[in-house]
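Next comes protein_21.json, a file with JSON, C-alpha atoms.
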[["chain", "number", "residue", "atom", "x", "y", "z"],
["A", 1, "MET", "CA", 112.98, 103.43, 101.96],
["A", 2, "ASN", "CA", 113.06, 101.52, 98.69],
["A", 3, "LEU", "CA", 113.34, 97.76, 99.30],
["A", 4, "VAL", "CA", 114.09, 96.96, 95.67],
["A", 5, "TYR", "CA", 116.97, 97.57, 93.33],
["A", 6, "PRO", "CA", 116.57, 100.90, 91.51],
["A", 7, "ASP", "CA", 115.67, 99.27, 88.19],
["A", 8, "ARG", "CA", 113.50, 96.40, 89.50],
["A", 9, "ASN", "CA", 109.75, 96.19, 89.87],
["A", 10, "VAL", "CA", 107.61, 95.59, 92.92],
["A", 11, "VAL", "CA", 104.68, 93.23, 92.39],
["A", 12, "LEU", "CA", 101.80, 93.32, 94.86],
["A", 13, "ILE", "CA", 99.70, 90.20, 95.35],
["A", 14, "GLY", "CA", 96.94, 89.39, 97.82],
["A", 15, "PHE", "CA", 93.21, 88.80, 98.23],
["A", 16, "MET", "CA", 90.84, 91.43, 96.86],
["A", 17, "GLY", "CA", 90.41, 94.35, 99.23],
["A", 18, "THR", "CA", 93.88, 94.09, 100.79],
["A", 19, "GLY", "CA", 94.95, 97.42, 99.32],
["A", 20, "LYS", "CA", 97.09, 96.41, 96.36],
["A", 21, "SER", "CA", 95.97, 99.34, 94.19],
["A", 22, "SER", "CA", 96.05, 102.04, 96.86],
["A", 23, "VAL", "CA", 99.35, 100.86, 98.34],
["A", 24, "GLY", "CA", 100.76, 100.44, 94.84],
["A", 25, "ARG", "CA", 99.86, 103.97, 93.80],
["A", 26, "GLU", "CA", 101.44, 105.40, 96.93],
["A", 27, "LEU", "CA", 104.66, 103.39, 96.60],
["A", 28, "ALA", "CA", 104.96, 104.36, 92.94],
["A", 29, "ARG", "CA", 104.44, 108.03, 93.83],
["A", 30, "ARG", "CA", 107.02, 107.98, 96.63],
["A", 31, "TRP", "CA", 109.65, 106.13, 94.61],
["A", 32, "GLY", "CA", 109.04, 107.81, 91.26],
["A", 33, "PHE", "CA", 108.01, 104.48, 89.73],
["A", 34, "ARG", "CA", 105.20, 103.84, 87.25],
["A", 35, "PHE", "CA", 102.02, 102.28, 88.66],
["A", 36, "LEU", "CA", 100.44, 99.46, 86.69],
["A", 37, "ASP", "CA", 97.33, 97.43, 87.56],
["A", 38, "THR", "CA", 96.82, 94.13, 85.73],
["A", 39, "ASP", "CA", 93.03, 94.26, 86.10],
["A", 40, "SER", "CA", 92.94, 97.78, 84.66],
["A", 41, "ILE", "CA", 95.10, 96.71, 81.73],
["A", 42, "ILE", "CA", 92.76, 93.79, 81.01],
["A", 43, "ARG", "CA", 89.67, 96.02, 81.34],
["A", 44, "ASN", "CA", 91.14, 98.51, 78.88],
["A", 45, "GLU", "CA", 92.22, 95.88, 76.38],
["A", 46, "CYS", "CA", 88.87, 94.04, 76.47],
["A", 47, "GLY", "CA", 86.78, 97.20, 76.70],
["A", 48, "ARG", "CA", 84.64, 95.67, 79.45],
["A", 49, "PRO", "CA", 84.51, 95.55, 83.25],
["A", 50, "ILE", "CA", 86.10, 92.48, 84.87],
["A", 51, "ALA", "CA", 82.72, 91.10, 86.01],
["A", 52, "GLU", "CA", 81.43, 91.31, 82.45],
["A", 53, "ILE", "CA", 84.56, 89.61, 81.08],
["A", 54, "PHE", "CA", 83.91, 86.74, 83.51],
["A", 55, "SER", "CA", 80.23, 86.48, 82.64],
["A", 56, "VAL", "CA", 80.59, 86.79, 78.86],
["A", 57, "PHE", "CA", 83.86, 84.94, 78.20],
["A", 58, "GLY", "CA", 84.35, 82.87, 81.37],
["A", 59, "GLU", "CA", 87.12, 82.53, 83.92],
["A", 60, "PRO", "CA", 89.53, 80.57, 81.67],
["A", 61, "PHE", "CA", 89.53, 83.47, 79.19],
["A", 62, "PHE", "CA", 90.21, 85.96, 82.00],
["A", 63, "ARG", "CA", 93.05, 83.84, 83.39],
["A", 64, "ASP", "CA", 94.58, 83.69, 79.91],
["A", 65, "GLN", "CA", 94.37, 87.49, 79.77],
["A", 66, "GLU", "CA", 96.18, 87.72, 83.11],
["A", 67, "PHE", "CA", 98.98, 85.51, 81.80],
["A", 68, "ALA", "CA", 99.23, 87.53, 78.58],
["A", 69, "THR", "CA", 99.34, 90.78, 80.56],
["A", 70, "LEU", "CA", 102.13, 89.54, 82.84],
["A", 71, "THR", "CA", 104.07, 88.40, 79.77],
["A", 72, "LYS", "CA", 103.76, 91.88, 78.23],
["A", 73, "LEU", "CA", 105.02, 93.47, 81.45],
["A", 74, "LEU", "CA", 108.24, 91.43, 81.60],
["A", 75, "HIS", "CA", 110.20, 94.20, 79.86],
["A", 76, "ARG", "CA", 109.03, 96.90, 82.29],
["A", 77, "ARG", "CA", 111.33, 98.33, 84.92],
["A", 78, "ARG", "CA", 110.81, 100.72, 87.83],
["A", 79, "SER", "CA", 107.12, 99.85, 88.13],
["A", 80, "VAL", "CA", 104.83, 98.94, 90.99],
["A", 81, "ILE", "CA", 102.45, 96.31, 89.64],
["A", 82, "ALA", "CA", 99.16, 95.57, 91.41],
["A", 83, "THR", "CA", 97.63, 92.24, 90.43],
["A", 84, "GLY", "CA", 94.19, 90.72, 90.60],
["A", 85, "GLY", "CA", 93.38, 88.69, 93.71],
["A", 86, "GLY", "CA", 93.33, 85.37, 91.88],
["A", 87, "ILE", "CA", 96.46, 85.78, 89.80],
["A", 88, "VAL", "CA", 98.45, 83.32, 91.92],
["A", 89, "ILE", "CA", 96.06, 80.40, 91.39],
["A", 90, "GLN", "CA", 97.85, 79.51, 88.16],
["A", 91, "PRO", "CA", 101.41, 78.20, 88.53],
["A", 92, "ARG", "CA", 102.41, 79.75, 85.19],
["A", 93, "ASN", "CA", 101.56, 83.17, 86.63],
["A", 94, "VAL", "CA", 103.62, 82.57, 89.76],
["A", 95, "THR", "CA", 106.66, 81.89, 87.58],
["A", 96, "LEU", "CA", 106.14, 85.18, 85.72],
["A", 97, "LEU", "CA", 105.53, 87.13, 88.93],
["A", 98, "SER", "CA", 108.92, 86.04, 90.26],
["A", 99, "LYS", "CA", 110.56, 87.18, 87.01],
["A", 100, "LEU", "CA", 108.80, 90.56, 87.13],
["A", 101, "GLY", "CA", 110.38, 91.69, 90.38],
["A", 102, "THR", "CA", 110.15, 91.64, 94.14],
["A", 103, "THR", "CA", 106.77, 90.17, 95.10],
["A", 104, "ILE", "CA", 105.01, 91.41, 98.21],
["A", 105, "TRP", "CA", 101.93, 89.68, 99.59],
["A", 106, "LEU", "CA", 99.49, 92.13, 101.18],
["A", 107, "LYS", "CA", 97.08, 90.89, 103.82],
["A", 108, "ALA", "CA", 94.15, 92.47, 105.64],
["A", 109, "ASP", "CA", 91.81, 91.20, 108.31],
["A", 110, "ASN", "CA", 88.35, 89.93, 107.36],
["A", 111, "GLN", "CA", 86.55, 93.01, 108.65],
["A", 112, "THR", "CA", 88.71, 95.34, 106.55],
["A", 113, "ILE", "CA", 88.18, 93.24, 103.43],
["A", 114, "PHE", "CA", 84.43, 93.16, 104.09],
["A", 115, "GLU", "CA", 84.31, 96.96, 104.53],
["A", 116, "ARG", "CA", 86.27, 97.56, 101.31],
["A", 117, "GLY", "CA", 84.18, 95.07, 99.30]]

Could the structure of this file be written out as structure tokens, please?
Amino acid sequence: MNLVYPDRNVVLIGFMGTGKSSVGRELARRWGFRFLDTDSIIRNECGRPIAEIFSVFGEPFFRDQEFATLTKLLHRRRSVIATGGGIVIQPRNVTLLSKLGTTIWLKADNQTIFERG
């Protein structure tokens, strides 16, 4: 069952390890949507792993990259978008997330998150 309008996006938010990427890929496959991952987009654009982006450029730079990525995705339709765990800490991102589509907050218990980490 598709809980969104046929041309809208689904945006997955939640703490790291809650399954945003794996759930997102499966939803996209089932619905015939495109799967997009904001962390993967940032990694590809910066040519570095996320941990290295944090250590070399700092968290403010990374958060700016998240905002820029969300802005670029505003024109997308029929996508499932997995976000980084900290994307909601900036109010400007929350505004964009609501414009992108239906937002779903994934949760997992502590043990599951620990096992996936």

Note to self: Could you list, as JSON, numbers by chain, every residue within 8 Å of Leu74 of chain A, counting all atoms listed in the file and ignoring same-chain residues fewer than 6 positions away?
What the structure shows: {"A": [96, 99, 100]}

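Among the candidates A:Thr112, A:Ser79, A:Thr103, A:Gln65, the one nearest to Arg29 of chain A when counting all atoms listed in the file is A:Ser79.
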
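Distances to Gly101 of chain A were evaluated for A:Val23, A:Ile113, A:Ile81, A:Ala28 using all atoms listed in the file, and the minimum falls at A:Ile81.
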
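In terms of minimum interatomic distance to Lys20 of chain A, A:Thr38 ranks closest within A:Asn110, A:Thr38, A:Asp64, A:Val94, counting all atoms listed in the file.
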
Next item on the list: Using all atoms listed in the file, determine which residues lie at most 12 Å from Ser21 of chain A, disregarding the query and same-chain residues fewer than 6 positions distant; provide the list as an MDAnalysis selection string.
Entry: chainID A and resid 11:15 27:28 35:40 80:85 106

For the selection just defined, write its residues with C-alpha atoms to a file, as a PDB file, keeping the file's coordinate frame.
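Dumped to result01.pdb:
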ATOM      1  CA  VAL A  11     104.680  93.230  92.390  1.00  0.00           C
ATOM      2  CA  LEU A  12     101.800  93.320  94.860  1.00  0.00           C
ATOM      3  CA  ILE A  13      99.700  90.200  95.350  1.00  0.00           C
ATOM      4  CA  GLY A  14      96.940  89.390  97.820  1.00  0.00           C
ATOM      5  CA  PHE A  15      93.210  88.800  98.230  1.00  0.00           C
ATOM      6  CA  LEU A  27     104.660 103.390  96.600  1.00  0.00           C
ATOM      7  CA  ALA A  28     104.960 104.360  92.940  1.00  0.00           C
ATOM      8  CA  PHE A  35     102.020 102.280  88.660  1.00  0.00           C
ATOM      9  CA  LEU A  36     100.440  99.460  86.690  1.00  0.00           C
ATOM     10  CA  ASP A  37      97.330  97.430  87.560  1.00  0.00           C
ATOM     11  CA  THR A  38      96.820  94.130  85.730  1.00  0.00           C
ATOM     12  CA  ASP A  39      93.030  94.260  86.100  1.00  0.00           C
ATOM     13  CA  SER A  40      92.940  97.780  84.660  1.00  0.00           C
ATOM     14  CA  VAL A  80     104.830  98.940  90.990  1.00  0.00           C
ATOM     15  CA  ILE A  81     102.450  96.310  89.640  1.00  0.00           C
ATOM     16  CA  ALA A  82      99.160  95.570  91.410  1.00  0.00           C
ATOM     17  CA  THR A  83      97.630  92.240  90.430  1.00  0.00           C
ATOM     18  CA  GLY A  84      94.190  90.720  90.600  1.00  0.00           C
ATOM     19  CA  GLY A  85      93.380  88.690  93.710  1.00  0.00           C
ATOM     20  CA  LEU A 106      99.490  92.130 101.180  1.00  0.00           C
TER      21      LEU A 106
END

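Of note, atom CA of Glu59 of chain A and atom CA of Thr18 of chain A are spaced 21.5 Å apart.
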
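Atom pair atom CA of Gly47 of chain A / atom CA of Arg77 of chain A has a distance of 25.9 Å (rounded to one decimal).
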
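Interatomic distance, atom CA of Arg76 of chain A to atom CA of Gly58 of chain A: 28.4 Å.
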
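Among the candidate residues A:Lys107, A:Arg34, A:Arg116, A:Arg63, the one lying nearest to Val10 of chain A is A:Arg34, with distances computed using only C-alpha atoms.
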
Checklist line | For Gly17 of chain A, the nearest of the candidates A:Thr95, A:Leu70, A:Arg48, A:Gly86, counting only C-alpha atoms | finding: A:Gly86

Using only C-alpha atoms, I'd like a table of the residues in segment 52-94 of chain A that come within 12 Å of segment 43-46 of chain A; for each, show the closest atom pair and its distance in Å rounded to one decimal, ordered by chain and ascending number, as JSON lines.
{"residue": "A:Glu52", "atom": "CA", "partner": "A:Arg43", "partner_atom": "CA", "distance": 9.6}
{"residue": "A:Ile53", "atom": "CA", "partner": "A:Cys46", "partner_atom": "CA", "distance": 7.7}
{"residue": "A:Phe54", "atom": "CA", "partner": "A:Arg43", "partner_atom": "CA", "distance": 11.1}
{"residue": "A:Val56", "atom": "CA", "partner": "A:Cys46", "partner_atom": "CA", "distance": 11.3}
{"residue": "A:Phe57", "atom": "CA", "partner": "A:Cys46", "partner_atom": "CA", "distance": 10.5}
{"residue": "A:Phe61", "atom": "CA", "partner": "A:Cys46", "partner_atom": "CA", "distance": 10.9}
{"residue": "A:Phe62", "atom": "CA", "partner": "A:Cys46", "partner_atom": "CA", "distance": 9.9}
{"residue": "A:Gln65", "atom": "CA", "partner": "A:Cys46", "partner_atom": "CA", "distance": 9.2}
{"residue": "A:Glu66", "atom": "CA", "partner": "A:Arg43", "partner_atom": "CA", "distance": 10.7}
{"residue": "A:Ala68", "atom": "CA", "partner": "A:Glu45", "partner_atom": "CA", "distance": 11.1}
{"residue": "A:Thr69", "atom": "CA", "partner": "A:Glu45", "partner_atom": "CA", "distance": 9.7}
{"residue": "A:Gly84", "atom": "CA", "partner": "A:Arg43", "partner_atom": "CA", "distance": 11.6}

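The closest residue to Pro60 of chain A, picked from A:Asp109, A:Phe33, A:Ile41, A:Gln90 and counting only C-alpha atoms, is A:Gln90.
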